[in-house]
file structure.txt (compact mmCIF, C-alpha atoms)
# COMPACT_ATOMS: atom_id res chain seq x y z
CA MET A 30 53.48 -20.51 48.80
CA LYS A 31 52.19 -23.58 47.04
CA LYS A 32 53.91 -24.51 43.87
CA LEU A 33 51.72 -23.94 40.85
CA VAL A 34 52.43 -25.84 37.70
CA LEU A 35 51.81 -24.37 34.25
CA LEU A 36 50.14 -26.73 31.84
CA VAL A 37 49.90 -26.99 28.08
CA LEU A 38 51.42 -23.62 27.21
CA VAL A 39 52.24 -21.95 23.93
CA ILE A 40 55.08 -20.36 25.90
CA PHE A 41 57.78 -22.17 27.92
CA CYS A 42 56.23 -24.36 30.57
CA SER A 43 56.79 -27.44 32.68
CA CYS A 44 54.49 -30.09 34.17
CA HIS A 45 55.43 -31.64 37.46
CA SER A 46 53.64 -33.97 39.84
CA ASN A 47 53.85 -32.79 43.46
CA LYS A 48 55.48 -35.45 45.61
CA LYS A 49 54.03 -34.41 48.95
CA GLU A 50 52.20 -37.18 50.80
CA GLU A 51 48.48 -37.46 50.17
CA ASN A 52 45.96 -39.01 52.53
CA ASN A 53 45.04 -41.58 49.92
CA SER A 54 48.60 -42.32 48.73
CA LYS A 55 50.18 -45.63 49.56
CA SER A 56 52.92 -45.61 52.22
CA LYS A 57 56.56 -46.04 51.23
CA SER A 58 56.78 -49.45 52.88
CA GLN A 59 53.65 -50.62 51.07
CA LEU A 60 55.03 -49.42 47.76
CA ASN A 61 58.40 -51.14 48.23
CA ALA A 62 56.72 -54.36 49.32
CA GLN A 63 54.45 -54.47 46.31
CA PRO A 64 55.66 -57.15 43.86
CA ILE A 65 56.22 -56.16 40.24
CA LEU A 66 54.29 -58.66 38.16
CA PRO A 67 54.70 -59.14 34.38
CA PRO A 68 52.22 -57.14 32.27
CA GLN A 69 48.88 -58.80 31.72
CA PRO A 70 48.12 -60.15 28.20
CA TYR A 71 45.90 -57.12 27.51
CA PHE A 72 48.81 -54.68 27.81
CA VAL A 73 51.13 -56.93 25.80
CA ALA A 74 48.55 -57.12 23.01
CA ILE A 75 47.86 -53.40 22.69
CA LYS A 76 51.56 -52.52 22.86
CA ASP A 77 51.74 -53.37 19.15
CA ASN A 78 49.63 -50.26 18.53
CA ASP A 79 52.02 -47.88 20.28
CA VAL A 80 53.66 -45.51 17.78
CA LYS A 81 57.21 -44.45 18.54
CA LEU A 82 57.76 -40.70 18.78
CA GLU A 83 59.80 -39.07 16.05
CA GLU A 84 63.06 -37.32 16.91
CA PRO A 85 62.11 -33.98 18.51
CA VAL A 86 62.81 -30.80 16.55
CA PHE A 87 63.13 -27.19 17.63
CA GLY A 88 59.91 -26.06 19.28
CA ASP A 89 58.92 -29.52 20.47
CA TRP A 90 58.60 -30.23 24.19
CA LEU A 91 61.30 -32.91 24.24
CA PHE A 92 63.72 -30.71 22.28
CA SER A 93 63.98 -28.32 25.23
CA HIS A 94 63.02 -30.67 28.10
CA LYS A 95 65.41 -33.60 28.55
CA GLU A 96 63.02 -35.79 30.51
CA LYS A 97 63.96 -39.28 31.70
CA GLY A 98 60.50 -40.75 31.53
CA GLN A 99 58.89 -43.07 34.07
CA SER A 100 59.01 -46.86 34.04
CA PHE A 101 56.22 -49.00 35.44
CA GLU A 102 58.48 -49.96 38.34
CA GLN A 103 59.19 -46.31 39.13
CA PHE A 104 55.49 -45.54 39.03
CA VAL A 105 54.42 -48.26 41.45
CA ARG A 106 57.34 -47.50 43.81
CA THR A 107 56.42 -43.81 43.96
CA LYS A 108 53.62 -42.34 46.06
CA HIS A 109 50.63 -41.49 43.92
CA VAL A 110 46.92 -40.89 44.31
CA VAL A 111 44.56 -43.83 43.89
CA PRO A 112 40.77 -43.89 44.24
CA THR A 113 39.33 -44.89 47.62
CA LYS A 114 35.83 -45.22 49.01
CA GLU A 115 36.27 -41.75 50.47
CA GLU A 116 37.71 -40.08 47.35
CA ASN A 117 36.59 -41.36 43.96
CA ILE A 118 34.71 -38.62 42.07
CA ILE A 119 36.15 -36.23 39.48
CA TYR A 120 34.50 -32.80 39.34
CA LEU A 121 34.36 -30.11 36.68
CA LYS A 122 33.46 -26.56 37.67
CA PRO A 123 32.37 -24.17 34.87
CA ILE A 124 33.13 -20.50 35.52
CA GLY A 125 31.61 -17.90 33.23
CA LYS A 126 28.93 -17.35 30.62
CA PHE A 127 29.04 -20.19 28.12
CA ASN A 128 27.22 -20.48 24.83
CA SER A 129 25.25 -23.62 23.96
CA SER A 130 28.17 -25.20 22.06
CA GLN A 131 30.56 -24.68 24.97
CA LEU A 132 28.08 -26.13 27.47
CA LYS A 133 27.72 -29.17 25.22
CA GLN A 134 31.51 -29.54 25.10
CA ILE A 135 31.75 -29.41 28.89
CA GLU A 136 29.16 -32.17 29.19
CA LEU A 137 31.04 -34.22 26.60
CA VAL A 138 34.27 -33.71 28.57
CA ARG A 139 32.46 -35.03 31.65
CA GLN A 140 31.28 -38.11 29.76
CA TYR A 141 34.75 -38.73 28.38
CA LEU A 142 36.60 -38.42 31.69
CA GLN A 143 34.14 -40.82 33.29
CA ILE A 144 35.00 -43.40 30.64
CA PHE A 145 38.71 -42.60 30.45
CA PHE A 146 39.34 -42.96 34.19
CA GLN A 147 36.37 -45.26 34.90
CA LEU A 148 35.42 -42.94 37.76
CA GLU A 149 32.18 -41.08 38.31
CA THR A 150 32.55 -37.56 36.95
CA LYS A 151 30.20 -34.69 37.73
CA VAL A 152 29.75 -31.09 36.60
CA LEU A 153 29.19 -28.65 39.43
CA GLU A 154 26.81 -25.72 39.07
CA THR A 155 28.12 -22.99 36.78
CA VAL A 156 29.19 -19.85 38.63
CA SER A 157 29.33 -16.30 37.32
CA ASN A 158 32.47 -14.48 36.30
CA ASP A 159 31.56 -12.06 39.08
CA ILE A 160 33.42 -14.29 41.54
CA ILE A 161 36.66 -13.02 39.99
CA PRO A 162 37.51 -9.61 41.57
CA ASN A 163 39.00 -6.71 39.63
CA HIS A 164 42.48 -7.27 41.05
CA ALA A 165 42.50 -10.73 39.42
CA ARG A 166 41.48 -9.43 35.98
CA ARG A 167 43.16 -7.50 33.20
CA ILE A 168 42.81 -6.67 29.51
CA GLY A 169 45.02 -8.74 27.21
CA ASP A 170 47.12 -7.74 24.22
CA VAL A 171 44.23 -7.88 21.74
CA GLY A 172 41.60 -6.38 24.03
CA GLN A 173 40.32 -9.66 25.52
CA GLU A 174 39.52 -9.94 29.21
CA GLN A 175 41.86 -12.25 31.12
CA PHE A 176 41.60 -13.87 34.55
CA LEU A 177 44.52 -14.57 36.89
CA ALA A 178 44.70 -18.36 36.87
CA GLY A 179 46.34 -18.63 40.28
CA TYR A 180 43.45 -16.77 41.91
CA ILE A 181 41.02 -19.38 40.61
CA LEU A 182 43.12 -22.13 42.18
CA THR A 183 43.79 -20.58 45.56
CA ASP A 184 40.66 -18.51 46.15
CA VAL A 185 37.96 -20.41 44.27
CA LEU A 186 38.78 -24.10 43.89
CA LYS A 187 40.49 -24.65 47.24
CA GLU A 188 37.26 -23.55 48.90
CA GLU A 189 35.35 -26.29 47.08
CA SER A 190 34.88 -29.58 48.96
CA PRO A 191 32.30 -31.58 47.02
CA ASP A 192 31.50 -35.07 48.23
CA LYS A 193 34.20 -37.70 47.59
CA ARG A 194 36.31 -35.34 45.46
CA ILE A 195 39.50 -36.89 44.10
CA ALA A 196 40.15 -34.25 41.40
CA LEU A 197 38.63 -30.86 40.55
CA MET A 198 39.12 -28.93 37.33
CA ALA A 199 37.59 -25.54 36.57
CA ILE A 200 36.78 -24.62 32.96
CA THR A 201 36.42 -20.97 31.95
CA GLU A 202 35.53 -19.25 28.69
CA LYS A 203 37.82 -16.33 29.50
CA ASP A 204 41.50 -16.15 28.61
CA LEU A 205 43.96 -16.82 31.45
CA TYR A 206 47.31 -15.39 32.55
CA PRO A 207 49.63 -16.81 35.26
CA LYS A 208 51.42 -13.62 36.32
CA PRO A 209 51.73 -10.01 35.10
CA GLU A 210 54.81 -10.53 32.92
CA TRP A 211 53.24 -13.42 30.97
CA ASN A 212 50.93 -12.90 28.01
CA TYR A 213 48.65 -15.87 28.58
CA VAL A 214 48.40 -19.50 29.64
CA PHE A 215 46.04 -22.30 28.60
CA GLY A 216 45.71 -23.43 32.21
CA LEU A 217 47.27 -23.85 35.62
CA ALA A 218 47.31 -26.72 38.12
CA SER A 219 48.34 -27.62 41.63
CA TYR A 220 48.90 -31.36 41.64
CA ARG A 221 49.38 -31.45 45.41
CA ASP A 222 45.90 -30.02 45.90
CA LYS A 223 44.50 -31.98 42.93
CA ILE A 224 42.97 -28.86 41.39
CA ALA A 225 43.37 -27.23 37.99
CA VAL A 226 41.84 -24.59 35.73
CA SER A 227 41.69 -24.67 31.95
CA SER A 228 40.41 -22.13 29.43
CA ILE A 229 38.36 -22.81 26.31
CA TYR A 230 39.24 -19.37 24.93
CA ARG A 231 42.28 -20.31 22.82
CA MET A 232 41.26 -23.91 22.14
CA GLN A 233 38.33 -22.74 20.03
CA LYS A 234 40.42 -20.39 17.89
CA GLU A 235 40.58 -21.50 14.25
CA ALA A 236 38.83 -24.70 15.31
CA ASP A 237 35.46 -26.26 14.63
CA PHE A 238 33.41 -27.89 17.39
CA ASN A 239 35.15 -31.26 17.16
CA LEU A 240 38.71 -29.91 17.10
CA CYS A 241 38.02 -27.77 20.14
CA LEU A 242 36.46 -30.79 21.88
CA ASP A 243 39.44 -32.98 20.94
CA ARG A 244 41.80 -30.42 22.50
CA LEU A 245 39.73 -30.25 25.68
CA LEU A 246 39.66 -34.04 25.99
CA LYS A 247 43.43 -34.26 25.59
CA ILE A 248 44.23 -31.46 28.02
CA CYS A 249 41.79 -32.52 30.73
CA SER A 250 42.75 -36.22 30.62
CA HIS A 251 46.46 -35.28 30.55
CA GLU A 252 46.30 -33.02 33.58
CA ILE A 253 44.12 -35.34 35.64
CA GLY A 254 46.49 -38.15 34.61
CA HIS A 255 49.28 -36.17 36.29
CA MET A 256 47.14 -35.93 39.43
CA PHE A 257 47.10 -39.74 39.49
CA GLY A 258 50.90 -39.95 39.27
CA LEU A 259 51.52 -40.35 35.54
CA HIS A 260 54.64 -38.55 34.32
CA HIS A 261 55.20 -37.41 30.76
CA CYS A 262 55.47 -40.23 28.25
CA ILE A 263 58.67 -39.83 26.21
CA GLU A 264 58.87 -42.95 24.05
CA VAL A 265 55.61 -43.22 22.09
CA ASN A 266 52.79 -41.00 20.89
CA CYS A 267 50.50 -40.70 23.91
CA VAL A 268 48.10 -38.27 25.52
CA MET A 269 50.65 -38.00 28.35
CA ASN A 270 53.30 -36.48 26.04
CA GLY A 271 54.53 -33.06 27.12
CA THR A 272 53.65 -30.18 24.83
CA ASN A 273 54.94 -26.69 24.12
CA SER A 274 52.09 -25.45 21.91
CA MET A 275 48.62 -26.09 20.62
CA VAL A 276 50.15 -27.22 17.33
CA GLU A 277 52.08 -29.91 19.21
CA THR A 278 48.98 -30.82 21.22
CA ASP A 279 47.08 -31.36 17.98
CA LYS A 280 49.81 -33.73 16.76
CA HIS A 281 49.75 -35.84 19.90
CA SER A 282 47.50 -38.85 20.24
CA ILE A 283 44.35 -38.84 22.35
CA ARG A 284 45.18 -42.45 23.24
CA LEU A 285 46.86 -43.50 26.46
CA CYS A 286 49.75 -45.78 25.46
CA SER A 287 50.06 -49.35 26.73
CA LEU A 288 52.55 -48.44 29.47
CA CYS A 289 50.50 -45.52 30.78
CA GLN A 290 47.36 -47.65 30.66
CA ARG A 291 49.14 -50.30 32.71
CA LYS A 292 50.17 -47.68 35.29
CA LEU A 293 46.67 -46.28 35.62
CA TYR A 294 45.11 -49.73 35.83
CA SER A 295 47.46 -50.79 38.64
CA GLY A 296 45.66 -48.53 41.10
CA PHE A 297 42.17 -48.52 39.58
CA LYS A 298 41.57 -52.19 38.66
CA TYR A 299 38.81 -51.45 36.16
CA ASP A 300 37.67 -53.70 33.30
CA ASN A 301 40.03 -52.83 30.42
CA VAL A 302 37.78 -54.31 27.72
CA LYS A 303 34.72 -52.48 29.06
CA ARG A 304 36.70 -49.23 29.04
CA LEU A 305 37.77 -49.75 25.41
CA LYS A 306 34.24 -50.55 24.24
CA GLU A 307 32.89 -47.46 26.00
CA LEU A 308 35.60 -45.31 24.39
CA GLU A 309 34.75 -46.79 20.98
CA LYS A 310 31.09 -45.87 21.41
CA TYR A 311 31.95 -42.37 22.65
CA PHE A 312 34.24 -41.62 19.70
CA LYS A 313 31.72 -43.02 17.25
CA ASP A 314 28.78 -41.10 18.73
CA ASN A 315 30.74 -37.84 18.63
CA ASN A 316 32.37 -38.26 15.22
CA LEU A 317 35.93 -38.21 16.58
CA ALA A 318 37.59 -40.20 13.81
CA GLU A 319 41.14 -40.40 15.17
CA GLY A 320 40.08 -41.66 18.60
CA LEU A 321 37.71 -44.17 17.02
CA GLN A 322 40.40 -45.57 14.73
CA LEU A 323 42.90 -45.95 17.58
CA THR A 324 40.35 -47.64 19.84
CA LYS A 325 39.28 -50.05 17.13
CA LYS A 326 42.92 -51.09 16.69
CA ASP A 327 43.23 -51.86 20.39
CA LEU A 328 39.98 -53.83 20.38
CA LYS A 329 41.14 -55.83 17.37
CA SER A 330 44.46 -56.58 19.08
CA ILE A 331 42.78 -58.21 22.11
CA GLN A 332 40.39 -60.41 20.15
call {"tool": "encode", "arguments": {"input": "structure.txt", "output": "structure tokens"}}
result
Amino acid sequence: MKKLVLLVLVIFCSCHSNKKEENNSKSKSQLNAQPILPPQPYFVAIKDNDVKLEEPVFGDWLFSHKEKGQSFEQFVRTKHVVPTKEENIIYLKPIGKFNSSQLKQIELVRQYLQIFFQLETKVLETVSNDIIPNHARRIGDVGQEQFLAGYILTDVLKEESPDKRIALMAITEKDLYPKPEWNYVFGLASYRDKIAVSSIYRMQKEADFNLCLDRLLKICSHEIGHMFGLHHCIEVNCVMNGTNSMVETDKHSIRLCSLCQRKLYSGFKYDNVKRLKELEKYFKDNNLAEGLQLTKKDLKSIQ
């Protein structure tokens, strides 16, 4: 049975990157032969804007998960997925009946991921909740309908083979549960298969449009970041920080820290300045103040 990894839970969870070989992963000999060059001036400049994490307290991810982190050298020496001519498109697959605000958020997530990873990102046609059979549904503790997250991975997403797919994430408006004894889960992922499912249901609770969008942007970029080999960031406030709850997610930055940016860039080779300017425009256009402020700081640092 394929290992499924729980993501961004209010209850105890753990994120892991699957280490099985991928068709578009570099070979071990190639990885070991790759020279480790000093960071480019861009990454040195924006490092000044990294904010060190505070000492974890009870309830925080790092309080209960003693992670070792991942250096740049460890990242480049470890097999990880990189875009190729054959696999270079990120896909989102909506499942359910979404209202107009939710559909707008999904489109904004698409736009953001395309900028964040500098890869073409597409939204597949929305499919009905009818694709989820009765045996993969239940009624939750407050009367809400819930879908079995693992079913969506193994019986829905694994059947999808859109052109040049490098990552596929389903988004549902229904609540999710991972197994009968668990109350709920925000999402589930299989990093080996590069597929994931996330639910809007709890992200929109006690949240306006922008807070719900901010949560979606963080969760989707975090999980797809794992698919590209990024481990949890343990030193500074970063979108790749592990999280135990939505409260902790809200505290974490939407920004990818200088080290994680350097890791991602090593396999993608995009224009860092172009990416920053596109992020600045996105945050400004969508009134996301925190992201805009952080991006402006990075842009100022490289002038």
call {"tool": "residues_around", "arguments": {"input": "structure.txt", "residues": "Lys114 of chain A", "least_positions_apart": "4", "cutoff": "12 Å", "atoms": "all atoms listed in the file", "output": "PyMOL selection string"}}
result
chain A and resi 53+118+148+192-195+297
call {"tool": "write_last_selection", "arguments": {"input": "structure.txt", "atoms": "C-alpha atoms", "output": "PDB file, in the frame of the given file"}}
result
ATOM      1  CA  ASN A  53      45.040 -41.580  49.920  1.00  0.00           C
ATOM      2  CA  ILE A 118      34.710 -38.620  42.070  1.00  0.00           C
ATOM      3  CA  LEU A 148      35.420 -42.940  37.760  1.00  0.00           C
ATOM      4  CA  ASP A 192      31.500 -35.070  48.230  1.00  0.00           C
ATOM      5  CA  LYS A 193      34.200 -37.700  47.590  1.00  0.00           C
ATOM      6  CA  ARG A 194      36.310 -35.340  45.460  1.00  0.00           C
ATOM      7  CA  ILE A 195      39.500 -36.890  44.100  1.00  0.00           C
ATOM      8  CA  PHE A 297      42.170 -48.520  39.580  1.00  0.00           C
TER       9      PHE A 297
END
call {"tool": "residues_around", "arguments": {"input": "structure.txt", "residues": "Ile224 of chain A", "least_positions_apart": "3", "cutoff": "10 Å", "atoms": "all atoms listed in the file", "output": "VMD selection string"}}
result
chain A and resid 120 to 121 181 to 183 186 to 187 189 195 to 199 217 to 221 252 to 253 256
call {"tool": "closest_residue", "arguments": {"input": "structure.txt", "among": "A:His260, A:His281, A:Lys208, A:Lys133", "to": "Arg167 of chain A", "atoms": "all atoms listed in the file"}}
result
A:Lys208
call {"tool": "closest_residue", "arguments": {"input": "structure.txt", "among": "A:Gln332, A:Thr107, A:Ser129, A:Gln69", "to": "Gln290 of chain A", "atoms": "only C-alpha atoms"}}
result
A:Gln69
call {"tool": "closest_residue", "arguments": {"input": "structure.txt", "among": "A:Arg291, A:His261, A:Arg304, A:His251", "to": "Gln143 of chain A", "atoms": "all atoms listed in the file"}}
result
A:Arg304
call {"tool": "closest_residue", "arguments": {"input": "structure.txt", "among": "A:Lys247, A:Leu91, A:Gly169, A:Glu309", "to": "Tyr213 of chain A", "atoms": "all atoms listed in the file"}}
result
A:Gly169
call {"tool": "closest_residue", "arguments": {"input": "structure.txt", "among": "A:Ile263, A:Asp300, A:Glu202, A:Asn270", "to": "Lys95 of chain A", "atoms": "all atoms listed in the file"}}
result
A:Ile263
call {"tool": "closest_residue", "arguments": {"input": "structure.txt", "among": "A:Asn212, A:Thr201, A:Gln147, A:Ser130", "to": "Ile168 of chain A", "atoms": "all atoms listed in the file"}}
result
A:Asn212
call {"tool": "closest_atom_pairs", "arguments": {"input": "structure.txt", "of": "segment 253-316 of chain A", "to": "segment 232-246 of chain A", "cutoff": "12 Å", "atoms": "all atoms listed in the file", "output": "tab-separated table"}}
result
residue	atom	partner	partner_atom	distance
A:Ile253	CA	A:Leu246	CA	10.7
A:Gly254	CA	A:Leu246	CA	11.7
A:Val268	CA	A:Leu246	CA	9.5
A:Met269	CA	A:Leu246	CA	11.9
A:Ser274	CA	A:Met232	CA	10.9
A:Met275	CA	A:Met232	CA	7.8
A:Val276	CA	A:Arg244	CA	10.3
A:Glu277	CA	A:Arg244	CA	10.8
A:Thr278	CA	A:Arg244	CA	7.3
A:Asp279	CA	A:Arg244	CA	7.0
A:Lys280	CA	A:Arg244	CA	10.4
A:His281	CA	A:Arg244	CA	10.0
A:Ser282	CA	A:Asp243	CA	10.0
A:Ile283	CA	A:Leu246	CA	7.6
A:Arg284	CA	A:Leu246	CA	10.4
A:Leu285	CA	A:Leu246	CA	11.9
A:Tyr311	CA	A:Leu246	CA	11.8
A:Phe312	CA	A:Asp243	CA	10.2
A:Asp314	CA	A:Asn239	CA	11.8
A:Asn315	CA	A:Asn239	CA	8.1
A:Asn316	CA	A:Asn239	CA	7.8
call {"tool": "write_last_selection", "arguments": {"input": "structure.txt", "atoms": "C-alpha atoms", "output": "PDB file, keeping the file's coordinate frame"}}
result
ATOM      1  CA  ILE A 253      44.120 -35.340  35.640  1.00  0.00           C
ATOM      2  CA  GLY A 254      46.490 -38.150  34.610  1.00  0.00           C
ATOM      3  CA  VAL A 268      48.100 -38.270  25.520  1.00  0.00           C
ATOM      4  CA  MET A 269      50.650 -38.000  28.350  1.00  0.00           C
ATOM      5  CA  SER A 274      52.090 -25.450  21.910  1.00  0.00           C
ATOM      6  CA  MET A 275      48.620 -26.090  20.620  1.00  0.00           C
ATOM      7  CA  VAL A 276      50.150 -27.220  17.330  1.00  0.00           C
ATOM      8  CA  GLU A 277      52.080 -29.910  19.210  1.00  0.00           C
ATOM      9  CA  THR A 278      48.980 -30.820  21.220  1.00  0.00           C
ATOM     10  CA  ASP A 279      47.080 -31.360  17.980  1.00  0.00           C
ATOM     11  CA  LYS A 280      49.810 -33.730  16.760  1.00  0.00           C
ATOM     12  CA  HIS A 281      49.750 -35.840  19.900  1.00  0.00           C
ATOM     13  CA  SER A 282      47.500 -38.850  20.240  1.00  0.00           C
ATOM     14  CA  ILE A 283      44.350 -38.840  22.350  1.00  0.00           C
ATOM     15  CA  ARG A 284      45.180 -42.450  23.240  1.00  0.00           C
ATOM     16  CA  LEU A 285      46.860 -43.500  26.460  1.00  0.00           C
ATOM     17  CA  TYR A 311      31.950 -42.370  22.650  1.00  0.00           C
ATOM     18  CA  PHE A 312      34.240 -41.620  19.700  1.00  0.00           C
ATOM     19  CA  ASP A 314      28.780 -41.100  18.730  1.00  0.00           C
ATOM     20  CA  ASN A 315      30.740 -37.840  18.630  1.00  0.00           C
ATOM     21  CA  ASN A 316      32.370 -38.260  15.220  1.00  0.00           C
TER      22      ASN A 316
END
call {"tool": "atom_distance", "arguments": {"input": "structure.txt", "atom1": "atom CA of Thr150 of chain A", "atom2": "atom CA of Lys223 of chain A"}}
result
14.5 Å
call {"tool": "residues_around", "arguments": {"input": "structure.txt", "residues": "Val80 of chain A", "least_positions_apart": "2", "cutoff": "9 Å", "atoms": "only C-alpha atoms", "output": "PyMOL selection string"}}
result
chain A and resi 76-78+82+264-267+286
call {"tool": "write_last_selection", "arguments": {"input": "structure.txt", "atoms": "C-alpha atoms", "output": "mmCIF file, in the frame of the given file"}}
result
data_model
loop_
_atom_site.group_PDB
_atom_site.id
_atom_site.type_symbol
_atom_site.label_atom_id
_atom_site.label_comp_id
_atom_site.auth_asym_id
_atom_site.auth_seq_id
_atom_site.Cartn_x
_atom_site.Cartn_y
_atom_site.Cartn_z
ATOM 1 C CA LYS A 76 51.560 -52.520 22.860
ATOM 2 C CA ASP A 77 51.740 -53.370 19.150
ATOM 3 C CA ASN A 78 49.630 -50.260 18.530
ATOM 4 C CA LEU A 82 57.760 -40.700 18.780
ATOM 5 C CA GLU A 264 58.870 -42.950 24.050
ATOM 6 C CA VAL A 265 55.610 -43.220 22.090
ATOM 7 C CA ASN A 266 52.790 -41.000 20.890
ATOM 8 C CA CYS A 267 50.500 -40.700 23.910
ATOM 9 C CA CYS A 286 49.750 -45.780 25.460
#
call {"tool": "build_atoms", "arguments": {"input": "structure.txt", "residues": "segment 290-297 of chain A", "atoms": "all heavy atoms", "output": "short mmCIF file (atom, residue, chain, number, x, y, z; two decimals), in the coordinates of the input"}}
result
data_model
loop_
_atom_site.label_atom_id
_atom_site.label_comp_id
_atom_site.auth_asym_id
_atom_site.auth_seq_id
_atom_site.Cartn_x
_atom_site.Cartn_y
_atom_site.Cartn_z
N GLN A 290 48.57 -46.93 30.29
CA GLN A 290 47.36 -47.65 30.66
C GLN A 290 47.64 -48.65 31.77
O GLN A 290 46.85 -48.79 32.71
CB GLN A 290 46.78 -48.39 29.45
CG GLN A 290 46.04 -47.51 28.47
CD GLN A 290 45.21 -48.33 27.49
OE1 GLN A 290 44.45 -49.21 27.87
NE2 GLN A 290 45.37 -48.04 26.20
N ARG A 291 48.77 -49.32 31.69
CA ARG A 291 49.14 -50.30 32.71
C ARG A 291 49.35 -49.61 34.06
O ARG A 291 48.93 -50.13 35.11
CB ARG A 291 50.41 -51.04 32.29
CG ARG A 291 50.82 -52.18 33.23
CD ARG A 291 52.14 -52.77 32.78
NE ARG A 291 52.62 -53.75 33.76
CZ ARG A 291 53.89 -54.11 33.88
NH1 ARG A 291 54.81 -53.58 33.07
NH2 ARG A 291 54.26 -54.99 34.79
N LYS A 292 49.97 -48.44 34.05
CA LYS A 292 50.17 -47.68 35.29
C LYS A 292 48.83 -47.30 35.91
O LYS A 292 48.60 -47.52 37.11
CB LYS A 292 50.98 -46.42 35.00
CG LYS A 292 52.42 -46.63 34.58
CD LYS A 292 53.04 -45.29 34.18
CE LYS A 292 54.42 -45.45 33.59
NZ LYS A 292 54.98 -44.16 33.12
N LEU A 293 47.97 -46.72 35.10
CA LEU A 293 46.67 -46.28 35.62
C LEU A 293 45.87 -47.45 36.16
O LEU A 293 45.29 -47.38 37.26
CB LEU A 293 45.90 -45.58 34.50
CG LEU A 293 44.66 -44.79 34.92
CD1 LEU A 293 45.04 -43.59 35.78
CD2 LEU A 293 43.88 -44.32 33.68
N TYR A 294 45.87 -48.54 35.42
CA TYR A 294 45.11 -49.73 35.83
C TYR A 294 45.60 -50.30 37.16
O TYR A 294 44.81 -50.83 37.95
CB TYR A 294 45.21 -50.79 34.74
CG TYR A 294 44.63 -52.13 35.13
CD1 TYR A 294 43.26 -52.36 35.07
CD2 TYR A 294 45.45 -53.17 35.59
CE1 TYR A 294 42.73 -53.59 35.44
CE2 TYR A 294 44.93 -54.38 35.97
CZ TYR A 294 43.56 -54.59 35.90
OH TYR A 294 43.03 -55.80 36.27
N SER A 295 46.89 -50.18 37.43
CA SER A 295 47.46 -50.79 38.64
C SER A 295 46.80 -50.29 39.92
O SER A 295 46.74 -51.01 40.91
CB SER A 295 48.97 -50.54 38.70
OG SER A 295 49.25 -49.16 38.93
N GLY A 296 46.30 -49.07 39.91
CA GLY A 296 45.66 -48.53 41.10
C GLY A 296 44.15 -48.49 41.01
O GLY A 296 43.47 -48.31 42.02
N PHE A 297 43.61 -48.65 39.78
CA PHE A 297 42.17 -48.52 39.58
C PHE A 297 41.46 -49.86 39.47
O PHE A 297 40.33 -50.01 39.91
CB PHE A 297 41.90 -47.71 38.31
CG PHE A 297 42.19 -46.24 38.45
CD1 PHE A 297 43.41 -45.78 38.93
CD2 PHE A 297 41.25 -45.30 38.10
CE1 PHE A 297 43.69 -44.43 39.06
CE2 PHE A 297 41.50 -43.94 38.21
CZ PHE A 297 42.73 -43.51 38.69
#
